[in-house]
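Colleague: File protein.cif below, mmCIF, C-alpha atoms:
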data_coords
#
loop_
_atom_site.group_PDB
_atom_site.id
_atom_site.type_symbol
_atom_site.label_atom_id
_atom_site.label_comp_id
_atom_site.auth_asym_id
_atom_site.auth_seq_id
_atom_site.Cartn_x
_atom_site.Cartn_y
_atom_site.Cartn_z
ATOM 1 C CA MET D 1 -62.220 -48.601 -156.847
ATOM 2 C CA THR D 2 -59.189 -49.532 -154.851
ATOM 3 C CA ASP D 3 -57.742 -53.024 -154.357
ATOM 4 C CA THR D 4 -57.718 -52.589 -150.581
ATOM 5 C CA PRO D 5 -60.891 -53.745 -148.791
ATOM 6 C CA PRO D 6 -62.401 -51.370 -146.225
ATOM 7 C CA ASP D 7 -61.408 -51.623 -142.568
ATOM 8 C CA ARG D 8 -64.915 -52.776 -141.665
ATOM 9 C CA LEU D 9 -67.575 -54.455 -143.808
ATOM 10 C CA SER D 10 -70.878 -56.212 -143.102
ATOM 11 C CA THR D 11 -73.180 -58.491 -145.105
ATOM 12 C CA ASN D 12 -76.259 -57.228 -143.206
ATOM 13 C CA HIS D 13 -78.091 -54.667 -145.363
ATOM 14 C CA ARG D 14 -79.269 -52.790 -142.233
ATOM 15 C CA SER D 15 -75.706 -52.128 -141.072
ATOM 16 C CA PRO D 16 -74.016 -48.772 -141.772
ATOM 17 C CA PHE D 17 -70.980 -50.816 -142.913
ATOM 18 C CA PHE D 18 -72.894 -52.616 -145.717
ATOM 19 C CA GLN D 19 -71.566 -51.924 -149.250
ATOM 20 C CA GLN D 20 -73.197 -54.035 -151.962
ATOM 21 C CA ASP D 21 -70.716 -53.136 -154.720
ATOM 22 C CA LEU D 22 -67.770 -54.350 -152.628
ATOM 23 C CA LEU D 23 -69.532 -57.553 -151.572
ATOM 24 C CA GLU D 24 -70.233 -58.406 -155.224
ATOM 25 C CA ARG D 25 -66.474 -58.527 -155.834
ATOM 26 C CA GLY D 26 -66.135 -61.185 -153.157
ATOM 27 C CA ILE D 27 -64.201 -60.743 -149.936
ATOM 28 C CA GLY D 28 -61.696 -63.289 -148.692
ATOM 29 C CA ILE D 29 -61.072 -63.405 -144.932
ATOM 30 C CA ARG D 30 -58.109 -65.005 -143.174
ATOM 31 C CA PHE D 31 -58.665 -65.299 -139.429
ATOM 32 C CA LYS D 32 -56.070 -66.869 -137.130
ATOM 33 C CA ASP D 33 -54.201 -68.450 -140.074
ATOM 34 C CA GLY D 34 -57.333 -70.060 -141.523
ATOM 35 C CA VAL D 35 -59.541 -68.923 -144.407
ATOM 36 C CA ARG D 36 -63.160 -68.379 -143.321
ATOM 37 C CA HIS D 37 -66.188 -68.405 -145.619
ATOM 38 C CA ASP D 38 -68.890 -67.818 -142.993
ATOM 39 C CA VAL D 39 -68.038 -64.256 -141.878
ATOM 40 C CA GLU D 40 -71.019 -61.899 -141.439
ATOM 41 C CA GLU D 41 -68.958 -58.821 -140.497
ATOM 42 C CA TYR D 42 -65.301 -58.005 -139.858
ATOM 43 C CA CYS D 43 -63.112 -55.187 -138.531
ATOM 44 C CA ILE D 44 -59.403 -55.304 -139.321
ATOM 45 C CA SER D 45 -58.251 -52.468 -137.017
ATOM 46 C CA GLU D 46 -60.089 -53.841 -133.968
ATOM 47 C CA GLY D 47 -59.201 -57.464 -134.807
ATOM 48 C CA TRP D 48 -62.555 -59.288 -134.794
ATOM 49 C CA ILE D 49 -65.067 -61.084 -136.997
ATOM 50 C CA ARG D 50 -68.734 -61.978 -136.525
ATOM 51 C CA VAL D 51 -69.978 -65.407 -137.579
ATOM 52 C CA ALA D 52 -73.459 -66.919 -137.481
ATOM 53 C CA LEU D 53 -74.178 -69.178 -134.523
ATOM 54 C CA GLY D 54 -75.518 -72.204 -136.381
ATOM 55 C CA LYS D 55 -79.105 -71.810 -137.579
ATOM 56 C CA LYS D 56 -80.252 -69.935 -134.475
ATOM 57 C CA VAL D 57 -82.176 -66.702 -135.006
ATOM 58 C CA ASP D 58 -83.439 -63.959 -132.733
ATOM 59 C CA ARG D 59 -87.117 -63.052 -132.369
ATOM 60 C CA ASN D 60 -86.916 -60.815 -135.454
ATOM 61 C CA GLY D 61 -85.557 -63.612 -137.644
ATOM 62 C CA ASN D 62 -81.992 -62.275 -137.780
ATOM 63 C CA PRO D 63 -79.191 -64.813 -137.297
ATOM 64 C CA LEU D 64 -77.491 -64.839 -133.916
ATOM 65 C CA THR D 65 -73.816 -64.015 -134.274
ATOM 66 C CA LEU D 66 -70.704 -64.707 -132.279
ATOM 67 C CA LYS D 67 -67.833 -62.200 -132.100
ATOM 68 C CA LEU D 68 -64.380 -63.796 -132.354
ATOM 69 C CA SER D 69 -61.178 -61.847 -131.637
ATOM 70 C CA GLY D 70 -57.853 -62.334 -133.375
ATOM 71 C CA PRO D 71 -55.773 -61.173 -136.343
ATOM 72 C CA VAL D 72 -57.901 -60.456 -139.440
ATOM 73 C CA GLU D 73 -56.714 -60.148 -143.046
ATOM 74 C CA ALA D 74 -59.088 -59.294 -145.922
ATOM 75 C CA TRP D 75 -58.706 -59.231 -149.713
ATOM 76 C CA PHE D 76 -60.878 -58.985 -152.812
ATOM 77 C CA GLU D 77 -61.429 -62.250 -154.674
ATOM 78 C CA ARG D 78 -62.200 -60.563 -158.026
ATOM 79 C CA PRO D 79 -60.845 -57.344 -159.576
ATOM 80 C CA ALA D 80 -63.048 -54.267 -159.886
ATOM 81 C CA ALA D 81 -65.176 -53.984 -163.029
ATOM 82 C CA SER D 82 -63.160 -50.966 -164.242
ATOM 83 C CA ASP D 83 -59.898 -52.934 -163.798
ATOM 84 C CA ALA D 84 -61.279 -55.862 -165.821
ATOM 85 C CA ASP D 85 -62.279 -53.526 -168.698
ATOM 86 C CA GLU D 86 -58.798 -52.025 -168.916
ATOM 87 C CA GLY D 87 -56.897 -55.337 -169.091
#
Write out the structure in this file as C-alpha cells.

Modeller:
Amino acid sequence: MTDTPPDRLSTNHRSPFFQQDLLERGIGIRFKDGVRHDVEEYCISEGWIRVALGKKVDRNGNPLTLKLSGPVEAWFERPAASDADEG
C-alpha cells in the first residue's frame, strides 16, 4: 500500500469509492485549516467533503449529508500493516 490516500473515499459501503482496508488505517481530514472527524466522503481534486446533517435520515434510513466546498487535505493516521511488519 502507498502512504498517499486516494483522491476520493467514502465511508458508505454502497458507494463505489468505499475501500474498507484504507478506512481501517484511519483517515485524517483537514478542511479549511481545521481537522474534521465527521467526514462521510471527500474528494481532494474537486475540493469538497460530505458531512452528516445532525441525526436526520432519509426515508431509507441513510443519514442526510451536506456538501461543503473548500481546500481538502487527507492523510493516513496509521501505517499500512506491511510497513509495520518491516519496521

Colleague: Listing only residues of region 30-55 of chain D within 12 Å of region 19-25 of chain D, what is the closest atom pair and its distance in Å (to one decimal) for each, using all atoms listed in the file, sorted by chain and residue number ascending, as a tab-separated table?

Modeller:
residue	atom	partner	partner_atom	distance
D:Val39	CA	D:Leu23	CA	11.9
D:Glu40	CA	D:Leu23	CA	11.1
D:Glu41	CA	D:Leu23	CA	11.2

Colleague: Quick one: apply the PyMOL selection byres ((chain D and resi 42) around 7) to the file and drop the selected residues here as JSON, numbers by chain.

Modeller: {"D": [8, 9, 10, 41, 43, 44, 48, 49, 50]}

Colleague: How many Å separate CA of Gly26 (chain D) from CA of Trp75 (chain D)?

Modeller: 8.4 Å

Colleague: Given the file above and the PyMOL selection byres ((chain D and resi 34) around 12), which residues are selected, and can you give them as an NGL selection string?

Modeller: :D and (28-33 or 35-38 or 70-74)

Colleague: So, counting all atoms listed in the file, which residue among D:Gly47, D:Gly54, D:Pro63, D:Pro79 is closest to Thr11 (chain D)?

Modeller: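 The answer is D:Pro63, which sits nearest to Thr11 (chain D).
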
Colleague: Kindly give the distance, in Å, that separates CA of Pro5 (chain D) and CA of Phe76 (chain D), rounded to a single decimal.

Modeller: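 CA of Phe76 (chain D) lies at a distance of 6.6 Å from CA of Pro5 (chain D).
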
Colleague: Please, what distance in Å, to one decimal, runs between CA of Ile27 (chain D) and CA of Lys55 (chain D)?

Modeller: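 That distance, rounded to one decimal, is 22.3 Å.
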
Colleague: Put the listed atoms of region 41-54 of chain D in a box along x, y and z with 6 Å added on every side and give me the centre and edge lengths in Å to one decimal, as lines of an AutoDock Vina configuration file.

Modeller:
center_x = -66.9
center_y = -62.3
center_z = -137.2
size_x = 29.3
size_y = 31.7
size_z = 18.5

Colleague: Reconstruct region 68-79 of chain D at the level of all heavy atoms, and format the result as a PDB file, in the coordinates of the input.

Modeller:
ATOM      1  N   LEU D  68     -65.654 -63.128-132.619  1.00  0.00           N
ATOM      2  CA  LEU D  68     -64.380 -63.796-132.354  1.00  0.00           C
ATOM      3  C   LEU D  68     -63.239 -62.799-132.520  1.00  0.00           C
ATOM      4  O   LEU D  68     -63.216 -62.049-133.496  1.00  0.00           O
ATOM      5  CB  LEU D  68     -64.182 -64.969-133.316  1.00  0.00           C
ATOM      6  CG  LEU D  68     -65.283 -66.024-133.339  1.00  0.00           C
ATOM      7  CD1 LEU D  68     -65.034 -67.023-134.458  1.00  0.00           C
ATOM      8  CD2 LEU D  68     -65.378 -66.722-132.005  1.00  0.00           C
ATOM      9  N   SER D  69     -62.305 -62.786-131.592  1.00  0.00           N
ATOM     10  CA  SER D  69     -61.178 -61.847-131.637  1.00  0.00           C
ATOM     11  C   SER D  69     -59.907 -62.542-132.103  1.00  0.00           C
ATOM     12  O   SER D  69     -59.663 -63.696-131.764  1.00  0.00           O
ATOM     13  CB  SER D  69     -60.931 -61.259-130.251  1.00  0.00           C
ATOM     14  OG  SER D  69     -62.047 -60.518-129.830  1.00  0.00           O
ATOM     15  N   GLY D  70     -59.120 -61.812-132.877  1.00  0.00           N
ATOM     16  CA  GLY D  70     -57.853 -62.334-133.375  1.00  0.00           C
ATOM     17  C   GLY D  70     -57.408 -61.544-134.588  1.00  0.00           C
ATOM     18  O   GLY D  70     -58.090 -60.621-135.031  1.00  0.00           O
ATOM     19  N   PRO D  71     -56.269 -61.888-135.165  1.00  0.00           N
ATOM     20  CA  PRO D  71     -55.773 -61.173-136.343  1.00  0.00           C
ATOM     21  C   PRO D  71     -56.651 -61.448-137.565  1.00  0.00           C
ATOM     22  O   PRO D  71     -57.013 -62.587-137.844  1.00  0.00           O
ATOM     23  CB  PRO D  71     -54.364 -61.727-136.536  1.00  0.00           C
ATOM     24  CG  PRO D  71     -54.359 -63.034-135.833  1.00  0.00           C
ATOM     25  CD  PRO D  71     -55.344 -62.930-134.718  1.00  0.00           C
ATOM     26  N   VAL D  72     -57.014 -60.371-138.273  1.00  0.00           N
ATOM     27  CA  VAL D  72     -57.901 -60.456-139.440  1.00  0.00           C
ATOM     28  C   VAL D  72     -57.181 -59.892-140.653  1.00  0.00           C
ATOM     29  O   VAL D  72     -56.566 -58.839-140.585  1.00  0.00           O
ATOM     30  CB  VAL D  72     -59.199 -59.654-139.199  1.00  0.00           C
ATOM     31  CG1 VAL D  72     -60.114 -59.731-140.410  1.00  0.00           C
ATOM     32  CG2 VAL D  72     -59.920 -60.140-137.962  1.00  0.00           C
ATOM     33  N   GLU D  73     -57.262 -60.609-141.769  1.00  0.00           N
ATOM     34  CA  GLU D  73     -56.714 -60.148-143.046  1.00  0.00           C
ATOM     35  C   GLU D  73     -57.821 -60.291-144.085  1.00  0.00           C
ATOM     36  O   GLU D  73     -58.488 -61.320-144.146  1.00  0.00           O
ATOM     37  CB  GLU D  73     -55.507 -60.998-143.431  1.00  0.00           C
ATOM     38  CG  GLU D  73     -54.883 -60.622-144.737  1.00  0.00           C
ATOM     39  CD  GLU D  73     -53.786 -61.585-145.141  1.00  0.00           C
ATOM     40  OE1 GLU D  73     -53.259 -62.304-144.273  1.00  0.00           O
ATOM     41  OE2 GLU D  73     -53.471 -61.625-146.342  1.00  0.00           O
ATOM     42  N   ALA D  74     -58.029 -59.260-144.902  1.00  0.00           N
ATOM     43  CA  ALA D  74     -59.088 -59.294-145.922  1.00  0.00           C
ATOM     44  C   ALA D  74     -58.509 -58.954-147.292  1.00  0.00           C
ATOM     45  O   ALA D  74     -57.534 -58.208-147.399  1.00  0.00           O
ATOM     46  CB  ALA D  74     -60.183 -58.306-145.565  1.00  0.00           C
ATOM     47  N   TRP D  75     -59.112 -59.525-148.342  1.00  0.00           N
ATOM     48  CA  TRP D  75     -58.706 -59.231-149.713  1.00  0.00           C
ATOM     49  C   TRP D  75     -59.910 -59.422-150.623  1.00  0.00           C
ATOM     50  O   TRP D  75     -60.880 -60.079-150.278  1.00  0.00           O
ATOM     51  CB  TRP D  75     -57.555 -60.135-150.138  1.00  0.00           C
ATOM     52  CG  TRP D  75     -57.917 -61.579-150.240  1.00  0.00           C
ATOM     53  CD1 TRP D  75     -58.426 -62.243-151.322  1.00  0.00           C
ATOM     54  CD2 TRP D  75     -57.853 -62.550-149.186  1.00  0.00           C
ATOM     55  NE1 TRP D  75     -58.654 -63.549-151.026  1.00  0.00           N
ATOM     56  CE2 TRP D  75     -58.322 -63.768-149.717  1.00  0.00           C
ATOM     57  CE3 TRP D  75     -57.450 -62.516-147.860  1.00  0.00           C
ATOM     58  CZ2 TRP D  75     -58.392 -64.922-148.951  1.00  0.00           C
ATOM     59  CZ3 TRP D  75     -57.514 -63.667-147.113  1.00  0.00           C
ATOM     60  CH2 TRP D  75     -57.974 -64.854-147.654  1.00  0.00           C
ATOM     61  N   PHE D  76     -59.832 -58.809-151.807  1.00  0.00           N
ATOM     62  CA  PHE D  76     -60.878 -58.985-152.812  1.00  0.00           C
ATOM     63  C   PHE D  76     -60.578 -60.245-153.616  1.00  0.00           C
ATOM     64  O   PHE D  76     -59.435 -60.486-153.991  1.00  0.00           O
ATOM     65  CB  PHE D  76     -60.938 -57.786-153.761  1.00  0.00           C
ATOM     66  CG  PHE D  76     -61.547 -56.565-153.132  1.00  0.00           C
ATOM     67  CD1 PHE D  76     -60.805 -55.426-152.936  1.00  0.00           C
ATOM     68  CD2 PHE D  76     -62.871 -56.563-152.742  1.00  0.00           C
ATOM     69  CE1 PHE D  76     -61.362 -54.302-152.368  1.00  0.00           C
ATOM     70  CE2 PHE D  76     -63.433 -55.452-152.163  1.00  0.00           C
ATOM     71  CZ  PHE D  76     -62.676 -54.316-151.976  1.00  0.00           C
ATOM     72  N   GLU D  77     -61.607 -61.025-153.899  1.00  0.00           N
ATOM     73  CA  GLU D  77     -61.429 -62.250-154.674  1.00  0.00           C
ATOM     74  C   GLU D  77     -61.464 -61.993-156.175  1.00  0.00           C
ATOM     75  O   GLU D  77     -60.910 -62.760-156.939  1.00  0.00           O
ATOM     76  CB  GLU D  77     -62.499 -63.265-154.277  1.00  0.00           C
ATOM     77  CG  GLU D  77     -62.329 -63.737-152.843  1.00  0.00           C
ATOM     78  CD  GLU D  77     -63.380 -64.736-152.420  1.00  0.00           C
ATOM     79  OE1 GLU D  77     -64.454 -64.802-153.073  1.00  0.00           O
ATOM     80  OE2 GLU D  77     -63.132 -65.444-151.440  1.00  0.00           O
ATOM     81  N   ARG D  78     -62.123 -60.917-156.603  1.00  0.00           N
ATOM     82  CA  ARG D  78     -62.200 -60.563-158.026  1.00  0.00           C
ATOM     83  C   ARG D  78     -61.810 -59.102-158.200  1.00  0.00           C
ATOM     84  O   ARG D  78     -62.077 -58.282-157.329  1.00  0.00           O
ATOM     85  CB  ARG D  78     -63.620 -60.783-158.545  1.00  0.00           C
ATOM     86  CG  ARG D  78     -64.010 -62.245-158.616  1.00  0.00           C
ATOM     87  CD  ARG D  78     -65.400 -62.428-159.175  1.00  0.00           C
ATOM     88  NE  ARG D  78     -66.447 -61.942-158.291  1.00  0.00           N
ATOM     89  CZ  ARG D  78     -66.911 -62.594-157.221  1.00  0.00           C
ATOM     90  NH1 ARG D  78     -66.394 -63.755-156.873  1.00  0.00           N
ATOM     91  NH2 ARG D  78     -67.883 -62.096-156.496  1.00  0.00           N
ATOM     92  N   PRO D  79     -61.201 -58.745-159.341  1.00  0.00           N
ATOM     93  CA  PRO D  79     -60.845 -57.344-159.576  1.00  0.00           C
ATOM     94  C   PRO D  79     -62.089 -56.495-159.803  1.00  0.00           C
ATOM     95  O   PRO D  79     -63.170 -57.015-160.118  1.00  0.00           O
ATOM     96  CB  PRO D  79     -59.980 -57.395-160.836  1.00  0.00           C
ATOM     97  CG  PRO D  79     -60.361 -58.668-161.509  1.00  0.00           C
ATOM     98  CD  PRO D  79     -60.795 -59.619-160.422  1.00  0.00           C
TER      99      PRO D  79
END
